[in-house]
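First up is the structure itself, then whatever we jot down about it.
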Protein chains: 2
Amino acid sequence: MATPAQITQPKPGKRTDIRRENESLIRRAAEKVFAEAGFGGATMQLIADLAGLPKANLHYYFATKEDLYRRVVQDIFEIWLNAAACFDNAKGPVDGIGAYIDAKMEISRRHPDGSKVWASEVMHGAPVIQDYLETTLRDWTDGRIAIIQTWIDAGQMAHVNPRHLLYMLWATTQHYADFGHQIDTLNGGTQLSDKQWREAKDTVKAIILQGIGARQEGAQGKTT
Amino acid sequence: MATPAQITQPKPGKRTDIRRENESLIRRAAEKVFAEAGFGGATMQLIADLAGLPKANLHYYFATKEDLYRRVVQDIFEIWLNAAACFDNAKGPVDGIGAYIDAKMEISRRHPDGSKVWASEVMHGAPVIQDYLETTLRDWTDGRIAIIQTWIDAGQMAHVNPRHLLYMLWATTQHYADFGHQIDTLNGGTQLSDKQWREAKDTVKAIILQGIGARQEGAQGKTT
DNA sequence: TCATTTCCTGACCGTATGGTCAAACAACAG
DNA sequence: CTGTTGTTTGACCATACGGTCAGGAAATGA
């Protein structure tokens, strides 16, 4: 928001560049440390070490530990909001919810740390992002519920409670990030392969789409 | 295991009584504090205050913070394992999985703190209960997968990946504990009512049972 | 070149935390 | 009553943490 349009291909001043680079570096390190240790267990020293910077340098870019933490939480929240676009442009539940599951599963795979930080924050009563829950998230949720209700009214899916369906989608997709360690352990101690991820995604989609009675509609040639 | 048979109606010695009472008091306080603040954020002082005991007294019963924490995690794990009994004695997926969802949802409602502590522990890489994941949990999971596979082979439900079905069950039910604060916030800042809990449970059961193609079988007079 | 702004960092500080300990206290056995 | 064992607790300690700061190093602009 505060940065100009040109993101890559930069030379908009070395100063700006350094700042952007270091802030990003610190945020990525922080995301990992917060995910692994929680807010209370994370230390600025650990984050600094992982980022390869002296601790005092962190405080130059982020005044307090909480400031840094807030940024990390906001990052994942924004990613999730963007993923919901697939949801909106859909013609019906199969497209919309299917694409949403795909997107959320992909995020769980690519940004497991961010997901964990969010989970941790919410579990501890959302002391830092309570306002987000009460404004942005609530609005977003209400909007999506309205869309699902439309589909139900149009007979495109079964009459299920849209809110709890949403919770199921969140729970199921984020589980693969938040409980990734447990899943890996039950997988013999190794991360899920491409094939296993595909199977997870397909199983989730199959059960939920079947579960809400959403089939056919649109083109039926799509055998994935 | 170490205590004699008589649990209530006690006077098996005041000493034993005091110890049992205080350990339980401390464990309950610890569960809440660990859930709210995470392992790193929790302090022995906070737990002591909540339990109404001086801090030094905690260390008399539990040598270290980690010992106390381990006990709390073990407690919820045991509760979950017991809940799986419904799963075993079932004739088919409707009974088995339906009852399992009921049980897990009930636990999410009654023991949200324990669930949160478990989630936190796993999210942070299970530093304390890794052995449980690799032994007890893995065995339990394999057993349940075998049962589900039986049902699939018998044509009692659709051909879905049993492992990912299990993950869906865990994710969905525990979500109502772990993300309870988010759910409450989206519910206007109030906890779910009895009716809302019932609706949540019914929605989850309906979608999943429908999703795995498990209907009829047994008596069909059960209109819930 | 020089002045100014931004960036970097080692050393430091106050505080809070997990854990210890010795001394007091209560329950029991004989 | 007397010794013994289990329980309670205030005071204490070493450590580690978040955060500060002064002063130096680059970058930028004139």
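Numbering starts fresh at 1 for the residues of each chain in the structure tokens, the chains themselves are lettered A, B, ... in the order given, and ligands are numbered from 1 as they appear.
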Please identify which residues in stretch 74-127 of chain A DSSP calls alpha helix (DSSP H) from the backbone, and express them as a VMD selection string.
chain A and resid 74 to 83 85 to 88 93 to 110 112 to 123
Who sits within 12 Å of C:DG30, only C-alpha atoms (C1' of nucleotides), same chain under 3 positions skipped, as a PyMOL selection string:
chain D and resi 1-4
Only N, CA and C atoms (P, O5', C5', C4', C3', O3' and C1' of nucleotides), please: the residues just picked out, written as a CSV table (one decimal), in the first residue's frame.
chain,number,residue,atom,x,y,z
D,1,DC,P,2.2,-33.4,74.0
D,1,DC,O5',3.4,-33.8,75.0
D,1,DC,C5',3.5,-34.8,75.9
D,1,DC,C4',4.5,-35.8,75.5
D,1,DC,C3',5.6,-35.3,74.6
D,1,DC,O3',6.9,-35.8,75.0
D,1,DC,C1',4.5,-37.2,73.6
D,2,DT,P,8.1,-35.3,74.2
D,2,DT,O5',8.2,-36.4,73.0
D,2,DT,C5',8.6,-37.7,73.3
D,2,DT,C4',9.2,-38.3,72.0
D,2,DT,C3',10.0,-37.4,71.2
D,2,DT,O3',11.1,-38.1,70.6
D,2,DT,C1',8.2,-38.1,69.9
D,3,DG,P,12.3,-37.4,70.0
D,3,DG,O5',12.5,-38.1,68.5
D,3,DG,C5',12.5,-39.5,68.5
D,3,DG,C4',11.9,-40.0,67.2
D,3,DG,C3',12.5,-39.5,65.9
D,3,DG,O3',12.7,-40.6,65.0
D,3,DG,C1',10.2,-39.0,65.8
D,4,DT,P,13.6,-40.5,63.7
D,4,DT,O5',12.4,-40.5,62.6
D,4,DT,C5',11.4,-41.4,62.7
D,4,DT,C4',10.5,-41.2,61.5
D,4,DT,C3',11.1,-40.7,60.3
D,4,DT,O3',10.6,-41.4,59.1
D,4,DT,C1',9.3,-39.4,60.9
Check: which chain B residues lie within 8 Å of chain A using only C-alpha atoms, as a VMD selection string
chain B and resid 35 to 42 116 119 to 120 122 to 126 133 to 134 138 160 to 161 164 to 165 167 to 168 171 to 172 175 178 to 182 185 to 186 199 to 200 203 to 204 206 to 213
Given a cut-off of 8 Å, which residues of chain A touch chain C, counting only C-alpha atoms (C1' of nucleotides), written out as a ChimeraX atom specification?
/A:15,54,56-57
Taking only residues of chain D that have an atom at most 12 Å from an atom of chain A, what is each one's shortest atom pair and its distance in Å to one decimal, using only C-alpha atoms (C1' of nucleotides), in chain and number order, as a tab-separated table?
residue	atom	partner	partner_atom	distance
D:DA16	C1'	A:Thr43	CA	9.9
D:DC17	C1'	A:Thr43	CA	7.5
D:DG18	C1'	A:Lys65	CA	7.7
D:DG19	C1'	A:Thr64	CA	7.8
D:DT20	C1'	A:Ala56	CA	9.2
D:DC21	C1'	A:Ala56	CA	10.4
D:DA26	C1'	A:Arg15	CA	10.1
D:DA27	C1'	A:Arg15	CA	7.4
D:DT28	C1'	A:Arg15	CA	9.0
Serialized selection, C-alpha atoms (C1' of nucleotides), as a compact mmCIF listing (two decimals), in the first residue's frame:
# COMPACT_ATOMS: atom_id res chain seq x y z
C1' DA D 16 17.45 -14.82 29.33
C1' DC D 17 14.60 -11.70 27.30
C1' DG D 18 12.71 -7.30 25.02
C1' DG D 19 14.19 -3.12 24.29
C1' DT D 20 17.58 1.13 24.30
C1' DC D 21 21.27 3.95 22.91
C1' DA D 26 27.08 4.09 4.05
C1' DA D 27 24.31 6.38 0.87
C1' DT D 28 22.40 10.62 -1.09
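Residue nearest A:Leu58, chosen from A:Thr190, A:Asn89, A:Asn22, A:Gln74 and counting only C-alpha atoms: A:Asn22.
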I'd like the interatomic distance between atom CA of A:Gln191 and atom CA of A:Phe77, to a tenth of an Å.
24.6 Å
With only C-alpha atoms (C1' of nucleotides) as the counted atoms, please give the residues lying no more than 10 Å from B:Ala85, apart from itself and same-chain residues fewer than 5 positions off, as a count of residues only.
6
What lies within 12 Å of B:Asn82 using only C-alpha atoms (C1' of nucleotides), ignoring chain neighbours under 4 positions off, as a list in words?
Asp75, Ile76, Phe77, Glu78, Cys86, Phe87, Asp88, Tyr100, Ala103, Lys104, Ile107 and Trp140 of chain B
